[in-house]
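File shown: query35.cif (mmCIF, N, CA, C and O atoms).
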```cif
data_input
loop_
_atom_site.group_PDB
_atom_site.id
_atom_site.type_symbol
_atom_site.label_atom_id
_atom_site.label_comp_id
_atom_site.auth_asym_id
_atom_site.auth_seq_id
_atom_site.Cartn_x
_atom_site.Cartn_y
_atom_site.Cartn_z
ATOM 1 N N MET A 1486 11.341 -3.149 16.977
ATOM 2 C CA MET A 1486 10.282 -3.506 16.060
ATOM 3 C C MET A 1486 10.874 -4.025 14.756
ATOM 4 O O MET A 1486 11.877 -3.527 14.289
ATOM 5 N N MET A 1487 10.193 -4.975 14.188
ATOM 6 C CA MET A 1487 10.654 -5.573 12.942
ATOM 7 C C MET A 1487 10.130 -4.771 11.759
ATOM 8 O O MET A 1487 9.102 -4.124 11.848
ATOM 9 N N ASN A 1488 10.850 -4.857 10.641
ATOM 10 C CA ASN A 1488 10.354 -4.217 9.430
ATOM 11 C C ASN A 1488 10.011 -5.246 8.350
ATOM 12 O O ASN A 1488 9.675 -4.879 7.240
ATOM 13 N N TYR A 1489 10.136 -6.522 8.645
ATOM 14 C CA TYR A 1489 9.656 -7.617 7.808
ATOM 15 C C TYR A 1489 10.202 -7.614 6.377
ATOM 16 O O TYR A 1489 9.434 -7.630 5.420
ATOM 17 N N PRO A 1490 11.517 -7.643 6.214
ATOM 18 C CA PRO A 1490 12.076 -7.626 4.858
ATOM 19 C C PRO A 1490 11.692 -8.852 4.031
ATOM 20 O O PRO A 1490 11.556 -8.756 2.804
ATOM 21 N N GLU A 1491 11.494 -9.997 4.685
ATOM 22 C CA GLU A 1491 11.136 -11.206 3.932
ATOM 23 C C GLU A 1491 9.730 -11.083 3.347
ATOM 24 O O GLU A 1491 9.482 -11.554 2.228
ATOM 25 N N ILE A 1492 8.830 -10.442 4.062
ATOM 26 C CA ILE A 1492 7.474 -10.239 3.535
ATOM 27 C C ILE A 1492 7.528 -9.263 2.367
ATOM 28 O O ILE A 1492 6.902 -9.483 1.326
ATOM 29 N N ARG A 1493 8.303 -8.206 2.521
ATOM 30 C CA ARG A 1493 8.438 -7.223 1.442
ATOM 31 C C ARG A 1493 9.014 -7.880 0.187
ATOM 32 O O ARG A 1493 8.500 -7.682 -0.918
ATOM 33 N N ALA A 1494 10.051 -8.675 0.347
ATOM 34 C CA ALA A 1494 10.676 -9.345 -0.803
ATOM 35 C C ALA A 1494 9.690 -10.291 -1.485
ATOM 36 O O ALA A 1494 9.612 -10.330 -2.719
ATOM 37 N N ASP A 1495 8.928 -11.035 -0.706
ATOM 38 C CA ASP A 1495 7.945 -11.949 -1.272
ATOM 39 C C ASP A 1495 6.864 -11.188 -2.036
ATOM 40 O O ASP A 1495 6.477 -11.586 -3.141
ATOM 41 N N MET A 1496 6.409 -10.084 -1.490
ATOM 42 C CA MET A 1496 5.378 -9.300 -2.161
ATOM 43 C C MET A 1496 5.917 -8.649 -3.433
ATOM 44 O O MET A 1496 5.196 -8.546 -4.425
ATOM 45 N N GLU A 1497 7.171 -8.243 -3.419
ATOM 46 C CA GLU A 1497 7.774 -7.676 -4.628
ATOM 47 C C GLU A 1497 7.859 -8.723 -5.734
ATOM 48 O O GLU A 1497 7.624 -8.420 -6.898
ATOM 49 N N LYS A 1498 8.172 -9.968 -5.367
ATOM 50 C CA LYS A 1498 8.203 -11.053 -6.351
ATOM 51 C C LYS A 1498 6.827 -11.270 -6.971
ATOM 52 O O LYS A 1498 6.715 -11.677 -8.119
ATOM 53 N N ARG A 1499 5.791 -10.998 -6.205
ATOM 54 C CA ARG A 1499 4.412 -11.156 -6.689
ATOM 55 C C ARG A 1499 3.916 -9.937 -7.465
ATOM 56 O O ARG A 1499 2.779 -9.916 -7.913
ATOM 57 N N GLY A 1500 4.766 -8.914 -7.569
ATOM 58 C CA GLY A 1500 4.395 -7.733 -8.345
ATOM 59 C C GLY A 1500 3.881 -6.565 -7.533
ATOM 60 O O GLY A 1500 3.402 -5.587 -8.092
ATOM 61 N N TYR A 1501 3.960 -6.646 -6.223
ATOM 62 C CA TYR A 1501 3.482 -5.581 -5.343
ATOM 63 C C TYR A 1501 4.670 -4.840 -4.742
ATOM 64 O O TYR A 1501 5.016 -5.033 -3.577
ATOM 65 N N ALA A 1502 5.297 -3.996 -5.554
ATOM 66 C CA ALA A 1502 6.505 -3.294 -5.120
ATOM 67 C C ALA A 1502 6.168 -1.886 -4.648
ATOM 68 O O ALA A 1502 5.333 -1.200 -5.237
ATOM 69 N N VAL A 1503 6.810 -1.473 -3.572
ATOM 70 C CA VAL A 1503 6.709 -0.109 -3.060
ATOM 71 C C VAL A 1503 8.121 0.368 -2.742
ATOM 72 O O VAL A 1503 9.003 -0.437 -2.435
ATOM 73 N N ASP A 1504 8.323 1.672 -2.830
ATOM 74 C CA ASP A 1504 9.651 2.186 -2.506
ATOM 75 C C ASP A 1504 9.826 2.229 -0.980
ATOM 76 O O ASP A 1504 8.890 1.931 -0.228
ATOM 77 N N ASP A 1505 11.009 2.605 -0.532
ATOM 78 C CA ASP A 1505 11.316 2.564 0.901
ATOM 79 C C ASP A 1505 10.396 3.453 1.725
ATOM 80 O O ASP A 1505 9.903 3.041 2.783
ATOM 81 N N ALA A 1506 10.141 4.670 1.254
ATOM 82 C CA ALA A 1506 9.276 5.590 1.999
ATOM 83 C C ALA A 1506 7.850 5.053 2.077
ATOM 84 O O ALA A 1506 7.219 5.100 3.144
ATOM 85 N N GLN A 1507 7.358 4.533 0.972
ATOM 86 C CA GLN A 1507 6.009 3.962 0.976
ATOM 87 C C GLN A 1507 5.938 2.743 1.889
ATOM 88 O O GLN A 1507 4.948 2.557 2.601
ATOM 89 N N TYR A 1508 6.994 1.937 1.878
ATOM 90 C CA TYR A 1508 6.990 0.744 2.718
ATOM 91 C C TYR A 1508 6.927 1.117 4.199
ATOM 92 O O TYR A 1508 6.210 0.484 4.966
ATOM 93 N N GLU A 1509 7.642 2.161 4.584
ATOM 94 C CA GLU A 1509 7.575 2.623 5.972
ATOM 95 C C GLU A 1509 6.157 3.052 6.322
ATOM 96 O O GLU A 1509 5.666 2.759 7.415
ATOM 97 N N GLU A 1510 5.486 3.734 5.390
ATOM 98 C CA GLU A 1510 4.095 4.140 5.618
ATOM 99 C C GLU A 1510 3.184 2.920 5.716
ATOM 100 O O GLU A 1510 2.282 2.893 6.564
ATOM 101 N N VAL A 1511 3.408 1.935 4.862
ATOM 102 C CA VAL A 1511 2.595 0.717 4.872
ATOM 103 C C VAL A 1511 2.741 -0.009 6.206
ATOM 104 O O VAL A 1511 1.750 -0.429 6.809
ATOM 105 N N VAL A 1512 3.967 -0.162 6.679
ATOM 106 C CA VAL A 1512 4.202 -0.863 7.946
ATOM 107 C C VAL A 1512 3.564 -0.086 9.099
ATOM 108 O O VAL A 1512 2.920 -0.676 9.967
ATOM 109 N N ALA A 1513 3.712 1.241 9.100
ATOM 110 C CA ALA A 1513 3.105 2.052 10.160
ATOM 111 C C ALA A 1513 1.584 1.916 10.127
ATOM 112 O O ALA A 1513 0.937 1.775 11.178
ATOM 113 N N TYR A 1514 1.016 1.954 8.929
ATOM 114 C CA TYR A 1514 -0.438 1.789 8.786
ATOM 115 C C TYR A 1514 -0.884 0.418 9.293
ATOM 116 O O TYR A 1514 -1.886 0.298 10.008
ATOM 117 N N ALA A 1515 -0.141 -0.624 8.926
ATOM 118 C CA ALA A 1515 -0.480 -1.981 9.377
ATOM 119 C C ALA A 1515 -0.396 -2.083 10.899
ATOM 120 O O ALA A 1515 -1.254 -2.723 11.519
ATOM 121 N N ARG A 1516 0.602 -1.457 11.484
ATOM 122 C CA ARG A 1516 0.714 -1.487 12.952
ATOM 123 C C ARG A 1516 -0.472 -0.788 13.609
ATOM 124 O O ARG A 1516 -1.012 -1.265 14.611
ATOM 125 N N ARG A 1517 -0.869 0.366 13.051
ATOM 126 C CA ARG A 1517 -2.031 1.076 13.603
ATOM 127 C C ARG A 1517 -3.294 0.228 13.457
ATOM 128 O O ARG A 1517 -4.106 0.140 14.378
ATOM 129 N N LYS A 1518 -3.445 -0.396 12.305
ATOM 130 C CA LYS A 1518 -4.621 -1.228 12.061
ATOM 131 C C LYS A 1518 -4.649 -2.416 13.024
ATOM 132 O O LYS A 1518 -5.705 -2.766 13.550
ATOM 133 N N ALA A 1519 -3.505 -3.030 13.247
ATOM 134 C CA ALA A 1519 -3.425 -4.148 14.185
ATOM 135 C C ALA A 1519 -3.769 -3.681 15.603
ATOM 136 O O ALA A 1519 -4.530 -4.352 16.312
ATOM 137 N N ALA A 1520 -3.231 -2.537 15.998
ATOM 138 C CA ALA A 1520 -3.486 -2.014 17.342
ATOM 139 C C ALA A 1520 -4.969 -1.717 17.549
ATOM 140 O O ALA A 1520 -5.539 -2.046 18.594
ATOM 141 N N VAL A 1521 -5.593 -1.124 16.560
ATOM 142 C CA VAL A 1521 -7.025 -0.814 16.654
ATOM 143 C C VAL A 1521 -7.838 -2.098 16.774
ATOM 144 O O VAL A 1521 -8.872 -2.123 17.433
ATOM 145 N N SER A 1522 -7.357 -3.164 16.154
ATOM 146 C CA SER A 1522 -8.045 -4.457 16.205
ATOM 147 C C SER A 1522 -7.736 -5.229 17.477
ATOM 148 O O SER A 1522 -8.210 -6.352 17.650
ATOM 149 N N GLY A 1523 -6.898 -4.649 18.333
ATOM 150 C CA GLY A 1523 -6.533 -5.325 19.572
ATOM 151 C C GLY A 1523 -5.470 -6.402 19.392
ATOM 152 O O GLY A 1523 -5.305 -7.269 20.248
ATOM 153 N N LYS A 1524 -4.759 -6.347 18.275
ATOM 154 C CA LYS A 1524 -3.718 -7.341 17.999
ATOM 155 C C LYS A 1524 -2.348 -6.756 18.321
ATOM 156 O O LYS A 1524 -2.160 -5.547 18.342
ATOM 157 N N ASP A 1525 -1.383 -7.638 18.546
ATOM 158 C CA ASP A 1525 -0.022 -7.183 18.813
ATOM 159 C C ASP A 1525 0.860 -7.432 17.588
ATOM 160 O O ASP A 1525 0.375 -7.781 16.511
ATOM 161 N N GLU A 1526 2.156 -7.261 17.767
ATOM 162 C CA GLU A 1526 3.126 -7.403 16.671
ATOM 163 C C GLU A 1526 3.088 -8.786 16.031
ATOM 164 O O GLU A 1526 3.412 -8.932 14.853
ATOM 165 N N SER A 1527 2.663 -9.799 16.755
ATOM 166 C CA SER A 1527 2.620 -11.153 16.195
ATOM 167 C C SER A 1527 1.599 -11.289 15.065
ATOM 168 O O SER A 1527 1.668 -12.233 14.277
ATOM 169 N N TYR A 1528 0.691 -10.337 14.949
ATOM 170 C CA TYR A 1528 -0.321 -10.358 13.891
ATOM 171 C C TYR A 1528 0.204 -9.781 12.575
ATOM 172 O O TYR A 1528 -0.369 -10.011 11.510
ATOM 173 N N MET A 1529 1.299 -9.049 12.633
ATOM 174 C CA MET A 1529 1.831 -8.358 11.462
ATOM 175 C C MET A 1529 2.148 -9.280 10.277
ATOM 176 O O MET A 1529 1.833 -8.923 9.148
ATOM 177 N N PRO A 1530 2.741 -10.447 10.464
ATOM 178 C CA PRO A 1530 3.012 -11.309 9.299
ATOM 179 C C PRO A 1530 1.748 -11.730 8.550
ATOM 180 O O PRO A 1530 1.798 -12.035 7.365
ATOM 181 N N TYR A 1531 0.612 -11.749 9.220
ATOM 182 C CA TYR A 1531 -0.648 -12.097 8.574
ATOM 183 C C TYR A 1531 -1.284 -10.877 7.907
ATOM 184 O O TYR A 1531 -1.888 -10.980 6.848
ATOM 185 N N LEU A 1532 -1.152 -9.735 8.539
ATOM 186 C CA LEU A 1532 -1.794 -8.515 8.074
ATOM 187 C C LEU A 1532 -1.010 -7.807 6.973
ATOM 188 O O LEU A 1532 -1.601 -7.310 6.003
ATOM 189 N N LEU A 1533 0.281 -7.758 7.096
ATOM 190 C CA LEU A 1533 1.116 -6.952 6.205
ATOM 191 C C LEU A 1533 0.977 -7.297 4.723
ATOM 192 O O LEU A 1533 0.861 -6.376 3.899
ATOM 193 N N PRO A 1534 0.958 -8.565 4.314
ATOM 194 C CA PRO A 1534 0.802 -8.838 2.879
ATOM 195 C C PRO A 1534 -0.479 -8.246 2.288
ATOM 196 O O PRO A 1534 -0.468 -7.680 1.196
ATOM 197 N N ASP A 1535 -1.572 -8.342 3.023
ATOM 198 C CA ASP A 1535 -2.828 -7.774 2.530
ATOM 199 C C ASP A 1535 -2.774 -6.254 2.473
ATOM 200 O O ASP A 1535 -3.307 -5.648 1.545
ATOM 201 N N ILE A 1536 -2.125 -5.644 3.439
ATOM 202 C CA ILE A 1536 -2.008 -4.186 3.452
ATOM 203 C C ILE A 1536 -1.143 -3.721 2.280
ATOM 204 O O ILE A 1536 -1.452 -2.709 1.640
ATOM 205 N N ILE A 1537 -0.085 -4.449 1.972
ATOM 206 C CA ILE A 1537 0.762 -4.083 0.830
ATOM 207 C C ILE A 1537 -0.050 -4.165 -0.465
ATOM 208 O O ILE A 1537 -0.009 -3.244 -1.288
ATOM 209 N N LYS A 1538 -0.801 -5.251 -0.654
ATOM 210 C CA LYS A 1538 -1.646 -5.383 -1.855
ATOM 211 C C LYS A 1538 -2.625 -4.225 -1.942
ATOM 212 O O LYS A 1538 -2.779 -3.608 -2.995
ATOM 213 N N GLU A 1539 -3.304 -3.969 -0.837
ATOM 214 C CA GLU A 1539 -4.293 -2.893 -0.792
ATOM 215 C C GLU A 1539 -3.650 -1.550 -1.153
ATOM 216 O O GLU A 1539 -4.212 -0.762 -1.918
ATOM 217 N N TRP A 1540 -2.485 -1.296 -0.619
ATOM 218 C CA TRP A 1540 -1.770 -0.038 -0.850
ATOM 219 C C TRP A 1540 -1.425 0.137 -2.333
ATOM 220 O O TRP A 1540 -1.686 1.180 -2.914
ATOM 221 N N VAL A 1541 -0.853 -0.909 -2.926
ATOM 222 C CA VAL A 1541 -0.432 -0.834 -4.329
ATOM 223 C C VAL A 1541 -1.648 -0.673 -5.240
ATOM 224 O O VAL A 1541 -1.640 0.159 -6.157
ATOM 225 N N VAL A 1542 -2.693 -1.430 -4.989
ATOM 226 C CA VAL A 1542 -3.898 -1.334 -5.816
ATOM 227 C C VAL A 1542 -4.531 0.046 -5.667
ATOM 228 O O VAL A 1542 -4.934 0.660 -6.662
ATOM 229 N N ARG A 1543 -4.616 0.550 -4.451
ATOM 230 C CA ARG A 1543 -5.196 1.878 -4.225
ATOM 231 C C ARG A 1543 -4.400 2.949 -4.948
ATOM 232 O O ARG A 1543 -4.961 3.866 -5.563
ATOM 233 N N LYS A 1544 -3.069 2.866 -4.898
ATOM 234 C CA LYS A 1544 -2.224 3.845 -5.602
ATOM 235 C C LYS A 1544 -2.450 3.767 -7.106
ATOM 236 O O LYS A 1544 -2.497 4.792 -7.786
ATOM 237 N N ALA A 1545 -2.594 2.564 -7.648
ATOM 238 C CA ALA A 1545 -2.832 2.403 -9.087
ATOM 239 C C ALA A 1545 -4.192 2.980 -9.478
ATOM 240 O O ALA A 1545 -4.306 3.685 -10.493
ATOM 241 N N ILE A 1546 -5.205 2.693 -8.689
ATOM 242 C CA ILE A 1546 -6.538 3.231 -8.968
ATOM 243 C C ILE A 1546 -6.518 4.754 -8.912
ATOM 244 O O ILE A 1546 -7.091 5.422 -9.785
ATOM 245 N N ASN A 1547 -5.863 5.312 -7.917
ATOM 246 C CA ASN A 1547 -5.766 6.767 -7.809
ATOM 247 C C ASN A 1547 -5.047 7.362 -9.010
ATOM 248 O O ASN A 1547 -5.454 8.404 -9.529
ATOM 249 N N ALA A 1548 -3.984 6.721 -9.476
ATOM 250 C CA ALA A 1548 -3.235 7.234 -10.626
ATOM 251 C C ALA A 1548 -4.090 7.212 -11.891
ATOM 252 O O ALA A 1548 -4.096 8.177 -12.668
ATOM 253 N N VAL A 1549 -4.827 6.129 -12.107
ATOM 254 C CA VAL A 1549 -5.692 6.028 -13.279
ATOM 255 C C VAL A 1549 -6.806 7.070 -13.206
ATOM 256 O O VAL A 1549 -7.130 7.732 -14.206
ATOM 257 N N THR A 1550 -7.382 7.244 -12.040
ATOM 258 C CA THR A 1550 -8.446 8.230 -11.862
ATOM 259 C C THR A 1550 -7.940 9.643 -12.123
ATOM 260 O O THR A 1550 -8.608 10.428 -12.811
ATOM 261 N N MET A 1551 -6.769 9.965 -11.591
ATOM 262 C CA MET A 1551 -6.207 11.300 -11.812
ATOM 263 C C MET A 1551 -5.896 11.527 -13.288
ATOM 264 O O MET A 1551 -6.133 12.613 -13.818
ATOM 265 N N ALA A 1552 -5.403 10.507 -13.976
ATOM 266 C CA ALA A 1552 -5.116 10.634 -15.405
ATOM 267 C C ALA A 1552 -6.403 10.850 -16.193
ATOM 268 O O ALA A 1552 -6.454 11.692 -17.103
ATOM 269 N N ALA A 1553 -7.453 10.127 -15.851
ATOM 270 C CA ALA A 1553 -8.742 10.290 -16.534
ATOM 271 C C ALA A 1553 -9.315 11.677 -16.293
ATOM 272 O O ALA A 1553 -9.847 12.311 -17.212
ATOM 273 N N MET A 1554 -9.189 12.158 -15.063
ATOM 274 C CA MET A 1554 -9.680 13.501 -14.751
ATOM 275 C C MET A 1554 -8.892 14.560 -15.509
ATOM 276 O O MET A 1554 -9.471 15.533 -16.012
ATOM 277 N N SER A 1555 -7.594 14.390 -15.619
ATOM 278 C CA SER A 1555 -6.761 15.331 -16.375
ATOM 279 C C SER A 1555 -7.126 15.305 -17.852
ATOM 280 O O SER A 1555 -7.194 16.356 -18.499
ATOM 281 N N ALA A 1556 -7.373 14.130 -18.389
ATOM 282 C CA ALA A 1556 -7.755 14.011 -19.793
ATOM 283 C C ALA A 1556 -9.097 14.680 -20.045
ATOM 284 O O ALA A 1556 -9.271 15.385 -21.048
ATOM 285 N N ASP A 1557 -10.050 14.482 -19.132
ATOM 286 C CA ASP A 1557 -11.354 15.129 -19.266
ATOM 287 C C ASP A 1557 -11.221 16.644 -19.218
ATOM 288 O O ASP A 1557 -11.837 17.352 -20.020
ATOM 289 N N LYS A 1558 -10.429 17.134 -18.282
ATOM 290 C CA LYS A 1558 -10.229 18.577 -18.160
ATOM 291 C C LYS A 1558 -9.586 19.138 -19.420
ATOM 292 O O LYS A 1558 -10.006 20.173 -19.944
ATOM 293 N N PHE A 1559 -8.580 18.446 -19.952
ATOM 294 C CA PHE A 1559 -7.916 18.867 -21.166
ATOM 295 C C PHE A 1559 -8.904 18.891 -22.339
ATOM 296 O O PHE A 1559 -8.943 19.849 -23.115
ATOM 297 N N GLN A 1560 -9.713 17.861 -22.438
ATOM 298 C CA GLN A 1560 -10.681 17.769 -23.523
ATOM 299 C C GLN A 1560 -11.696 18.908 -23.442
ATOM 300 O O GLN A 1560 -12.075 19.496 -24.436
ATOM 301 N N GLN A 1561 -12.135 19.245 -22.239
ATOM 302 C CA GLN A 1561 -13.082 20.344 -22.055
ATOM 303 C C GLN A 1561 -12.458 21.679 -22.423
ATOM 304 O O GLN A 1561 -13.124 22.556 -22.982
ATOM 305 N N GLU A 1562 -11.180 21.850 -22.125
ATOM 306 C CA GLU A 1562 -10.497 23.094 -22.443
ATOM 307 C C GLU A 1562 -10.294 23.252 -23.944
ATOM 308 O O GLU A 1562 -10.308 24.362 -24.467
ATOM 309 N N VAL A 1563 -10.099 22.157 -24.646
ATOM 310 C CA VAL A 1563 -9.858 22.178 -26.084
ATOM 311 C C VAL A 1563 -11.153 22.494 -26.836
ATOM 312 O O VAL A 1563 -11.147 23.170 -27.851
ATOM 313 N N MET A 1564 -12.251 22.017 -26.327
ATOM 314 C CA MET A 1564 -13.530 22.214 -27.035
ATOM 315 C C MET A 1564 -14.029 23.575 -26.826
ATOM 316 O O MET A 1564 -14.258 24.468 -26.576
#
```

Re-express the file's structure as structure tokens.
Amino acid sequence: MMNYPEIRADMEKRGYAVDDAQYEEVVAYARRKAAVSGKDESYMPYLLPDIIKEWVVRKAINAVTMAAMSADKFQQEVM
């Protein structure tokens, strides 16, 4: 199985960087998504860039949400 280093490098140039462990999870997720859709490995070059974007954006949204929740909790404790 391929791990698509050229796709990863291109996405990193576009600002969508993930570490090695996250990238392995992203590729595994993309493979599962392709399989569920009835697609084979040849679909991965089309699917993987979108999955990487989705992954990075979701992680950023989760981080912002957790920070806001922590700030709210802190503010409630102070009052």

- Quick one: DSSP helix (DSSP H, G or I) residues in chain A, as a PyMOL selection string? chain A and resi 1490-1498+1505-1521+1526-1563

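Listed by chain and then by number, the residues chosen by the PyMOL selection byres ((chain A and resi 1533) around 8) in this file are Ile1492, Arg1493, Val1511, Val1512, Ala1515, Arg1516, Tyr1528, Met1529, Pro1530, Tyr1531, Leu1532, Pro1534, Asp1535, Ile1536, Ile1537, Lys1538, Glu1539 and Trp1540 of chain A.
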
- For the atom pair atom CA of Glu1526 of chain A and atom CA of Met1487 of chain A, what is the interatomic distance in Å to one decimal place?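 Those two atoms sit 8.6 Å apart.
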
- Task: Compile the contact shell of Ala1494 of chain A as a ChimeraX atom specification: residues with an atom at most 12 Å away, counting only C-alpha atoms, same-chain residues fewer than 4 positions apart removed.
- Result: /A:1488-1490,1498-1504,1508,1534,1537

- Message: If I take atom CA of Tyr1514 of chain A and atom CA of Met1496 of chain A, how far is one from the other in Å, to one decimal?
- Response: 16.6 Å

Please, what is the axis-aligned box for every listed atom of segment 1514-1520 of chain A with 3 Å on each side, as centre and edge lengths in Å to one decimal, as JSON?
```
{"center_x": -2.3, "center_y": -1.2, "center_z": 13.7, "size_x": 12.7, "size_y": 12.3, "size_z": 15.8}
```

- Find the distance between atom O of Gln1507 of chain A and atom N of Met1551 of chain A and write it in Å to one decimal.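 It comes out at 19.8 Å.
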
Should you be able to, write segment 1538-1549 of chain A of this structure into a file that contains N, CA, C and O atoms, as a short mmCIF file (atom, residue, chain, number, x, y, z; two decimals), in the first residue's frame.
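Ended up saving to selection13.cif:
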```cif
data_model
loop_
_atom_site.label_atom_id
_atom_site.label_comp_id
_atom_site.auth_asym_id
_atom_site.auth_seq_id
_atom_site.Cartn_x
_atom_site.Cartn_y
_atom_site.Cartn_z
N LYS A 1538 -7.46 18.16 4.46
CA LYS A 1538 -8.05 19.47 4.78
C LYS A 1538 -9.08 19.34 5.88
O LYS A 1538 -9.08 20.11 6.84
N GLU A 1539 -9.98 18.39 5.71
CA GLU A 1539 -11.04 18.17 6.69
C GLU A 1539 -10.45 17.88 8.07
O GLU A 1539 -10.92 18.41 9.08
N TRP A 1540 -9.44 17.06 8.12
CA TRP A 1540 -8.80 16.67 9.38
C TRP A 1540 -8.19 17.88 10.09
O TRP A 1540 -8.42 18.09 11.27
N VAL A 1541 -7.43 18.68 9.34
CA VAL A 1541 -6.75 19.84 9.92
C VAL A 1541 -7.78 20.86 10.40
O VAL A 1541 -7.66 21.40 11.51
N VAL A 1542 -8.79 21.13 9.60
CA VAL A 1542 -9.81 22.10 9.99
C VAL A 1542 -10.57 21.60 11.21
O VAL A 1542 -10.83 22.37 12.15
N ARG A 1543 -10.93 20.33 11.23
CA ARG A 1543 -11.65 19.77 12.38
C ARG A 1543 -10.82 19.88 13.65
O ARG A 1543 -11.33 20.23 14.72
N LYS A 1544 -9.52 19.58 13.56
CA LYS A 1544 -8.64 19.70 14.73
C LYS A 1544 -8.57 21.14 15.21
O LYS A 1544 -8.57 21.40 16.42
N ALA A 1545 -8.50 22.09 14.29
CA ALA A 1545 -8.45 23.51 14.67
C ALA A 1545 -9.75 23.94 15.34
O ALA A 1545 -9.72 24.64 16.37
N ILE A 1546 -10.87 23.54 14.78
CA ILE A 1546 -12.16 23.88 15.38
C ILE A 1546 -12.28 23.28 16.77
O ILE A 1546 -12.72 23.96 17.71
N ASN A 1547 -11.87 22.04 16.93
CA ASN A 1547 -11.92 21.40 18.24
C ASN A 1547 -11.03 22.13 19.24
O ASN A 1547 -11.41 22.31 20.40
N ALA A 1548 -9.85 22.56 18.82
CA ALA A 1548 -8.94 23.26 19.73
C ALA A 1548 -9.53 24.60 20.17
O ALA A 1548 -9.46 24.96 21.35
N VAL A 1549 -10.12 25.34 19.24
CA VAL A 1549 -10.73 26.62 19.57
C VAL A 1549 -11.92 26.42 20.50
O VAL A 1549 -12.09 27.16 21.49
#
```
